[in-house]
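Chemist: Compact mmCIF, C-alpha atoms and all ligand atoms, file data31.txt:
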```txt
# COMPACT_ATOMS: atom_id res chain seq x y z
CA MET P 981 -31.77 183.13 20.73
CA THR P 982 -30.20 186.56 20.86
CA THR P 983 -28.74 187.95 17.69
CA GLY P 984 -25.01 187.58 17.67
CA GLU P 985 -24.92 184.92 20.35
CA LEU P 986 -22.48 182.13 19.54
CA PHE P 987 -23.41 178.49 19.43
CA PRO P 988 -21.28 176.72 22.05
CA GLU P 989 -19.91 174.60 19.20
CA THR P 990 -18.37 177.66 17.60
CA LEU P 991 -15.96 178.04 20.48
CA ALA P 992 -14.36 174.78 19.37
CA LEU P 993 -14.45 175.64 15.67
CA PRO P 994 -11.87 178.37 15.01
CA GLY P 995 -12.56 180.48 11.96
CA LEU P 996 -16.30 179.80 11.98
CA THR P 997 -18.74 182.28 13.51
CA SER P 998 -22.35 181.29 14.04
CA LEU P 999 -24.99 184.03 14.25
CA PRO P 1000 -28.23 182.22 15.13
CA GLY P 1001 -31.32 184.14 14.08
CA PHE P 1002 -29.26 187.03 12.67
CA ALA P 1003 -31.53 187.28 9.59
CA LEU P 1004 -34.78 186.23 11.22
CA ALA P 1005 -36.36 189.69 11.19
CA GLU P 1006 -35.83 189.80 7.41
CA GLU P 1007 -36.86 186.21 6.69
CA GLN P 1008 -40.01 187.03 4.72
CA ALA P 1009 -38.47 189.93 2.81
CA LEU P 1010 -35.41 187.88 1.87
CA LEU P 1011 -37.60 185.06 0.55
CA GLN P 1012 -39.57 187.53 -1.56
CA THR P 1013 -36.35 188.95 -2.92
CA ILE P 1014 -35.13 185.45 -3.82
CA ASP P 1015 -38.35 185.11 -5.84
CA THR P 1016 -37.64 188.29 -7.78
CA VAL P 1017 -34.10 187.11 -8.58
CA ALA P 1018 -35.39 183.69 -9.63
CA ALA P 1019 -38.03 185.26 -11.88
CA ARG P 1020 -35.18 186.62 -14.02
CA ALA P 1021 -32.62 183.85 -13.48
CA PRO P 1022 -34.56 180.66 -12.70
CA PHE P 1023 -33.26 177.95 -10.40
CA ARG P 1024 -31.65 175.11 -12.33
CA ARG P 1025 -29.87 171.91 -11.44
CA MET P 1026 -26.36 172.19 -12.82
CA LYS P 1027 -24.18 169.27 -13.77
CA THR P 1028 -20.82 168.49 -12.22
CA PRO P 1029 -17.83 168.31 -14.58
CA GLY P 1030 -18.28 164.55 -14.29
CA GLY P 1031 -21.81 164.80 -15.72
CA LYS P 1032 -23.86 164.19 -12.54
CA GLU P 1033 -26.84 166.43 -11.82
CA MET P 1034 -26.45 168.23 -8.48
CA SER P 1035 -29.28 167.68 -6.03
CA ALA P 1036 -29.54 171.35 -5.03
CA ALA P 1037 -30.96 173.79 -7.60
CA MET P 1038 -29.03 177.05 -8.00
CA THR P 1039 -29.16 180.57 -9.29
CA ASN P 1040 -27.04 183.68 -8.69
CA CYS P 1041 -27.14 187.44 -8.39
CA GLY P 1042 -24.38 190.02 -8.57
CA ALA P 1043 -21.49 190.72 -10.93
CA ALA P 1044 -20.88 187.03 -11.61
CA GLY P 1045 -22.53 183.69 -10.99
CA TRP P 1046 -21.03 180.38 -9.92
CA VAL P 1047 -21.63 177.80 -12.63
CA SER P 1048 -20.75 174.17 -13.19
CA ASP P 1049 -20.88 172.12 -16.36
CA ALA P 1050 -18.73 169.78 -18.43
CA ARG P 1051 -16.08 172.54 -18.68
CA GLY P 1052 -15.67 172.72 -14.90
CA TYR P 1053 -16.52 175.02 -12.01
CA ARG P 1054 -16.13 178.75 -12.56
CA TYR P 1055 -17.59 182.24 -12.27
CA ALA P 1056 -19.46 183.58 -15.28
CA ARG P 1057 -20.58 187.18 -15.79
CA LEU P 1058 -23.51 186.01 -17.92
CA ASP P 1059 -26.18 183.48 -17.04
CA PRO P 1060 -25.48 180.68 -19.53
CA GLN P 1061 -29.20 179.91 -19.67
CA SER P 1062 -30.28 183.37 -20.85
CA GLY P 1063 -27.06 184.90 -22.15
CA GLN P 1064 -27.92 187.93 -19.97
CA PRO P 1065 -26.07 189.32 -16.93
CA TRP P 1066 -27.19 187.84 -13.63
CA PRO P 1067 -29.73 189.99 -11.72
CA LYS P 1068 -27.94 192.68 -9.75
CA MET P 1069 -27.30 192.07 -6.08
CA PRO P 1070 -30.27 193.44 -4.10
CA ASP P 1071 -29.19 196.11 -1.57
CA SER P 1072 -30.89 194.20 1.25
CA PHE P 1073 -28.72 191.16 0.47
CA ARG P 1074 -25.47 193.12 0.43
CA THR P 1075 -26.27 195.02 3.61
CA LEU P 1076 -27.14 191.83 5.49
CA ALA P 1077 -23.91 190.11 4.40
CA GLN P 1078 -21.80 193.14 5.34
CA ARG P 1079 -23.41 193.39 8.79
CA ALA P 1080 -22.86 189.67 9.46
CA ALA P 1081 -19.25 189.85 8.27
CA ALA P 1082 -18.49 192.95 10.36
CA GLN P 1083 -19.90 191.28 13.46
CA SER P 1084 -17.63 188.29 12.75
CA GLY P 1085 -14.38 190.22 12.44
CA PHE P 1086 -14.46 191.07 8.71
CA PRO P 1087 -15.46 194.76 8.67
CA GLY P 1088 -14.49 195.51 5.06
CA PHE P 1089 -16.38 192.69 3.34
CA VAL P 1090 -17.99 193.74 0.05
CA PRO P 1091 -19.56 190.70 -1.62
CA ASP P 1092 -19.75 190.92 -5.40
CA MET P 1093 -22.11 187.97 -5.81
CA ALA P 1094 -24.46 185.61 -4.04
CA LEU P 1095 -25.04 182.00 -4.98
CA ILE P 1096 -28.58 180.96 -4.10
CA ASN P 1097 -29.10 177.26 -3.34
CA ARG P 1098 -32.50 175.59 -3.15
CA TYR P 1099 -32.86 172.20 -1.44
CA GLU P 1100 -35.85 169.85 -1.33
CA PRO P 1101 -35.92 166.90 1.10
CA GLY P 1102 -33.19 164.42 0.15
CA ALA P 1103 -31.02 167.07 -1.49
CA ARG P 1104 -27.53 167.54 -0.08
CA MET P 1105 -24.20 169.14 -0.76
CA ALA P 1106 -21.16 166.90 -0.52
CA LEU P 1107 -18.09 168.08 1.41
CA HIS P 1108 -16.29 170.63 -0.74
CA GLN P 1109 -14.09 173.72 -0.55
CA ASP P 1110 -15.11 177.15 -1.86
CA ILE P 1111 -11.98 177.80 -3.92
CA ASP P 1112 -13.10 179.21 -7.26
CA GLU P 1113 -12.90 182.80 -5.98
CA ARG P 1114 -10.02 185.19 -6.60
CA ASN P 1115 -10.14 186.78 -3.15
CA PHE P 1116 -9.47 184.44 -0.23
CA ALA P 1117 -8.94 187.33 2.20
CA ALA P 1118 -12.71 187.87 2.04
CA PRO P 1119 -14.88 185.58 4.17
CA ILE P 1120 -17.87 183.49 3.15
CA VAL P 1121 -21.24 184.61 4.55
CA SER P 1122 -23.93 181.93 4.44
CA VAL P 1123 -27.61 182.58 5.24
CA SER P 1124 -30.16 179.81 5.86
CA LEU P 1125 -33.89 180.25 5.13
CA GLY P 1126 -36.81 177.85 5.33
CA LEU P 1127 -36.44 174.19 6.21
CA SER P 1128 -33.69 173.30 8.69
CA ALA P 1129 -30.47 171.51 7.77
CA ILE P 1130 -27.36 169.98 9.25
CA PHE P 1131 -24.21 171.87 8.26
CA LEU P 1132 -21.09 169.73 8.02
CA TRP P 1133 -17.97 171.60 9.08
CA GLY P 1134 -14.75 169.74 8.31
CA GLY P 1135 -11.17 170.94 8.20
CA PRO P 1136 -8.37 171.58 5.75
CA LYS P 1137 -8.43 167.97 4.50
CA ARG P 1138 -11.36 166.16 2.91
CA THR P 1139 -10.81 163.29 5.34
CA ASP P 1140 -11.18 165.51 8.46
CA LYS P 1141 -14.25 164.30 10.32
CA PRO P 1142 -16.89 167.03 10.09
CA ALA P 1143 -18.74 168.56 13.04
CA ARG P 1144 -22.53 168.68 12.60
CA LEU P 1145 -24.25 172.03 13.24
CA PRO P 1146 -28.03 172.37 13.03
CA LEU P 1147 -29.05 175.38 10.94
CA HIS P 1148 -32.50 176.96 11.10
CA SER P 1149 -34.22 179.69 9.15
CA GLY P 1150 -32.56 183.04 9.79
CA ASP P 1151 -29.26 181.58 10.97
CA VAL P 1152 -26.06 183.00 9.48
CA LEU P 1153 -22.58 181.45 9.36
CA VAL P 1154 -19.38 183.33 8.54
CA TRP P 1155 -16.04 181.69 7.92
CA GLY P 1156 -12.71 183.09 6.82
CA GLY P 1157 -9.05 183.55 7.64
CA THR P 1158 -7.36 180.22 8.30
CA ALA P 1159 -10.71 178.45 7.86
CA ARG P 1160 -11.53 180.08 4.52
CA LYS P 1161 -10.76 176.91 2.51
CA TYR P 1162 -12.09 174.39 5.01
CA TYR P 1163 -14.26 171.56 3.73
CA HIS P 1164 -17.97 171.91 4.42
CA GLY P 1165 -21.28 170.58 3.18
CA ILE P 1166 -24.96 169.93 3.88
CA ALA P 1167 -26.29 166.55 5.07
CA PRO P 1168 -29.33 165.19 3.18
CA ILE P 1169 -32.28 167.46 4.04
CA LYS P 1170 -34.96 165.79 6.14
CA THR P 1171 -38.63 166.11 5.26
CA GLY P 1172 -40.39 168.88 7.15
CA GLU P 1173 -42.61 171.89 6.88
CA HIS P 1174 -41.55 175.51 7.27
CA LYS P 1175 -44.26 178.11 7.70
CA LEU P 1176 -43.06 180.26 4.79
CA THR P 1177 -41.34 177.83 2.42
CA GLY P 1178 -43.03 174.47 3.01
CA ALA P 1179 -40.61 171.64 2.34
CA THR P 1180 -37.85 173.83 0.90
CA ARG P 1181 -34.58 175.20 2.21
CA PHE P 1182 -32.84 178.19 0.65
CA ASN P 1183 -29.26 179.26 1.25
CA LEU P 1184 -27.56 182.49 0.25
CA THR P 1185 -23.78 182.19 -0.04
CA PHE P 1186 -22.06 185.59 -0.34
CA ARG P 1187 -18.54 185.76 -1.71
CA HIS P 1188 -15.99 188.13 -3.16
CA ALA P 1189 -15.47 186.12 -6.34
CA LEU P 1190 -13.85 188.39 -8.94
O1 LIG V 1201 -26.38 175.39 1.73
C1 LIG V 1201 -25.48 175.68 2.50
O2 LIG V 1201 -25.70 176.04 3.67
C2 LIG V 1201 -24.02 175.58 2.06
C3 LIG V 1201 -23.82 175.96 0.62
C4 LIG V 1201 -22.39 175.90 0.18
O3 LIG V 1201 -21.51 175.46 0.87
C5 LIG V 1201 -22.03 176.42 -1.14
O4 LIG V 1201 -22.92 176.83 -1.90
O5 LIG V 1201 -20.84 176.45 -1.47
FE FE V 1202 -19.54 175.93 -0.01
```
In C-alpha cells, write the structure found in this file.
Ligand SMILES: O=C(O)CCC(=O)C(=O)O
Ligand SMILES: [Fe+2]
Modeler:
Amino acid sequence: MTTGELFPETLALPGLTSLPGFALAEEQALLQTIDTVAARAPFRRMKTPGGKEMSAAMTNCGAAGWVSDARGYRYARLDPQSGQPWPKMPDSFRTLAQRAAAQSGFPGFVPDMALINRYEPGARMALHQDIDERNFAAPIVSVSLGLSAIFLWGGPKRTDKPARLPLHSGDVLVWGGTARKYYHGIAPIKTGEHKLTGATRFNLTFRHAL
C-alpha cells in the first residue's frame, strides 16, 4: 500500500488517521533501536493498581515513562527498576512520530516520551483511554512492528462497540482532537511468525505527557 493512503475504515472513524506502511522502510532500524533502549531499560510486566500483571511487557524512552503499580498509573521521570532516567528518545523515533503527526493534521507535535509495548501470542490490551498525560491538544502516534494485531477502536464511552482494524508491521495510527480520549485496545494476539521478530509484536506509543 502507498504511504499515506487511508484505510477505507478511517473515513468512518473521525479523529483516527491510518497510515499503512508509513514506517515500513525503517522497520529493521526501529527494531534495532528498540533493542538498544531495552538493553538499558528492560521490558517488564507491570502490575495494575488492582494487582494484576499486564499481559504486554513495557518499557519507555524520553523525559518520562508511563508506569503502573499499586499506587496507580502515572508518568515517572526515573525508571523505578533502575532508579535511573529512562533512555533518551532516539532521534529516529521522534522524527518518525513528527512526520506521521504532520501528515495527519498535527504539524506541531513534539513527543516527549514513547511507551514501548511488547506482545507475545495471547497478550492483549483491554479497552482503555490514554488520559494520564498533561497535554490533550497533542495527538497519540502509534507504530506497529512485527506480528500483526487487531486494533480495537471504540468511542468516548467504554460501552461503545469498537471497530476492528488489522494492523501490520510498519503501520502507523494517529488520533487526536475530539477522538483524543477515545477508548481503544488490542485484541488477543494470534500466533504467527514475522520475518524479523518471530512471534512478537512491538508497539511504539508517542505522547506529549509532561
Ligand atoms: O499496542 C497498541 O497498538 C496500543 C497500545 C496502547 O493503546 C497504549 O499503550 O496505550
Ligand atoms: Fe492506549
Chemist: P:Arg1114, P:His1174, P:Arg1104, P:Arg1187: which is nearest Glu1033 of chain P, counting all atoms listed in the file?
Modeler: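 For Glu1033 of chain P, the nearest of the candidates is P:Arg1104.
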Chemist: Find the residue from P:Lys1068, P:Arg1144, P:Arg1098, P:Ala1050 that sits nearest to Leu1011 of chain P; use all atoms listed in the file when measuring.
Modeler: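 Checking each of P:Lys1068, P:Arg1144, P:Arg1098, P:Ala1050 against Leu1011 of chain P, counting all atoms listed in the file, the winner is P:Arg1098.
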Chemist: Determine the nearest neighbour of ligand LIG 1201 (chain V) from the options P:Gly1045, P:Pro1070, P:Pro1060, P:Gly1172, counting all atoms listed in the file.
Modeler: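 For ligand LIG 1201 (chain V), the nearest of the given residues is P:Gly1045.
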Chemist: Enumerate residues in contact with ligand FE 1202 (chain V): an atom-to-atom distance of at most 9 Å, counting all atoms listed in the file. Format the result as a list in words.
Modeler: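 Written in the requested form, the residues are Met1105, Leu1107, His1108, Gln1109, Asp1110, Ile1111, Ile1120, Ser1122, Tyr1163, His1164, Gly1165, Ile1166 and Thr1185 of chain P.
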Chemist: Grab the atom CA of Ala1167 of chain P to atom CA of Ile1130 of chain P distance for me, in Å with one decimal place.
Modeler: 5.5 Å
Chemist: Mind giving me the straight-line distance from atom CA of Phe1182 of chain P to atom C1 of ligand LIG 1201 (chain V) in Å, one decimal?
Modeler: 8.0 Å
Chemist: What lies within 12 Å of Met1069 of chain P using all atoms listed in the file, ignoring chain neighbours under 3 positions off, as a list of chain:residue names?
Modeler: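 Using all atoms listed in the file, the neighbours found are P:Thr1013, P:Ile1014, P:Thr1016, P:Val1017, P:Asn1040, P:Cys1041, P:Gly1042, P:Ala1043, P:Ala1044, P:Gly1045, P:Pro1065, P:Trp1066, P:Ser1072, P:Phe1073, P:Arg1074, P:Thr1075, P:Leu1076, P:Ala1077, P:Val1090, P:Pro1091, P:Asp1092, P:Met1093, P:Ala1094, P:Leu1095, P:Ile1096, P:Leu1184, P:Phe1186, P:Arg1187.
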Chemist: Need to verify the contact set: Glu1113 of chain P, 8 Å, only C-alpha atoms, exclusion of same-chain residues closer than 4 positions in sequence. Can you return it as a list of chain:residue names?
Modeler: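 Near Glu1113 of chain P, the qualifying residues are P:Tyr1055, P:Arg1187, P:His1188, P:Ala1189, P:Leu1190.
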Chemist: What's around Gly1134 of chain P at 7 Å? Count only C-alpha atoms, leave out sequence neighbours fewer than 5 positions away in its own chain, and write the answer as a PDB file with C-alpha atoms, keeping the file's coordinate frame.
Modeler:
```pdb
ATOM      1  CA  ASP P1140     -11.180 165.510   8.460  1.00  0.00           C
ATOM      2  CA  LYS P1141     -14.250 164.300  10.320  1.00  0.00           C
ATOM      3  CA  PRO P1142     -16.890 167.030  10.090  1.00  0.00           C
ATOM      4  CA  ALA P1143     -18.740 168.560  13.040  1.00  0.00           C
ATOM      5  CA  TYR P1162     -12.090 174.390   5.010  1.00  0.00           C
ATOM      6  CA  TYR P1163     -14.260 171.560   3.730  1.00  0.00           C
ATOM      7  CA  HIS P1164     -17.970 171.910   4.420  1.00  0.00           C
TER       8      HIS P1164
END
```
Chemist: When you draw a straight line from atom CA of Gly1135 of chain P to atom CA of Thr1180 of chain P, how long is it in Å?
Modeler: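 The value is 27.8 Å.
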Chemist: Report as a list in words all protein, DNA and RNA residues lying within 8 Å of His1148 of chain P, evaluated on all atoms listed in the file, omitting residues in the same chain fewer than 3 positions from it.
Modeler: Pro1000, Gly1001, Ser1124, Leu1125, Gly1126, Leu1127, Ser1128, Ala1129 and Asp1151 of chain P
Chemist: Determine the nearest neighbour of ligand LIG 1201 (chain V) from the options P:Ala1009, P:Ala1036, P:Leu1176, P:Ala1081, counting all atoms listed in the file.
Modeler: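 Closest to ligand LIG 1201 (chain V) of all the choices is P:Ala1036.
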Chemist: I need the residue nearest Tyr1099 of chain P from this list: P:Asn1115, P:Thr1028, P:Ser1035, P:Thr1177. Use only C-alpha atoms for the distance.
Modeler: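 Selected residue with least distance to Tyr1099 of chain P: P:Ser1035.
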Chemist: Nearest to Phe1086 of chain P: which of P:Val1121, P:Pro1146, P:Met1038, P:Ala1056 is it, counting all atoms listed in the file?
Modeler: P:Val1121
Chemist: Quick one: what's the axis-aligned box for ligand LIG 1201 (chain V), all listed atoms, 6 Å on every side, centre and edges in Å to one decimal, as lines of an AutoDock Vina configuration file?
Modeler:
```
center_x = -23.6
center_y = 176.1
center_z = 0.9
size_x = 17.5
size_y = 13.4
size_z = 17.6
```
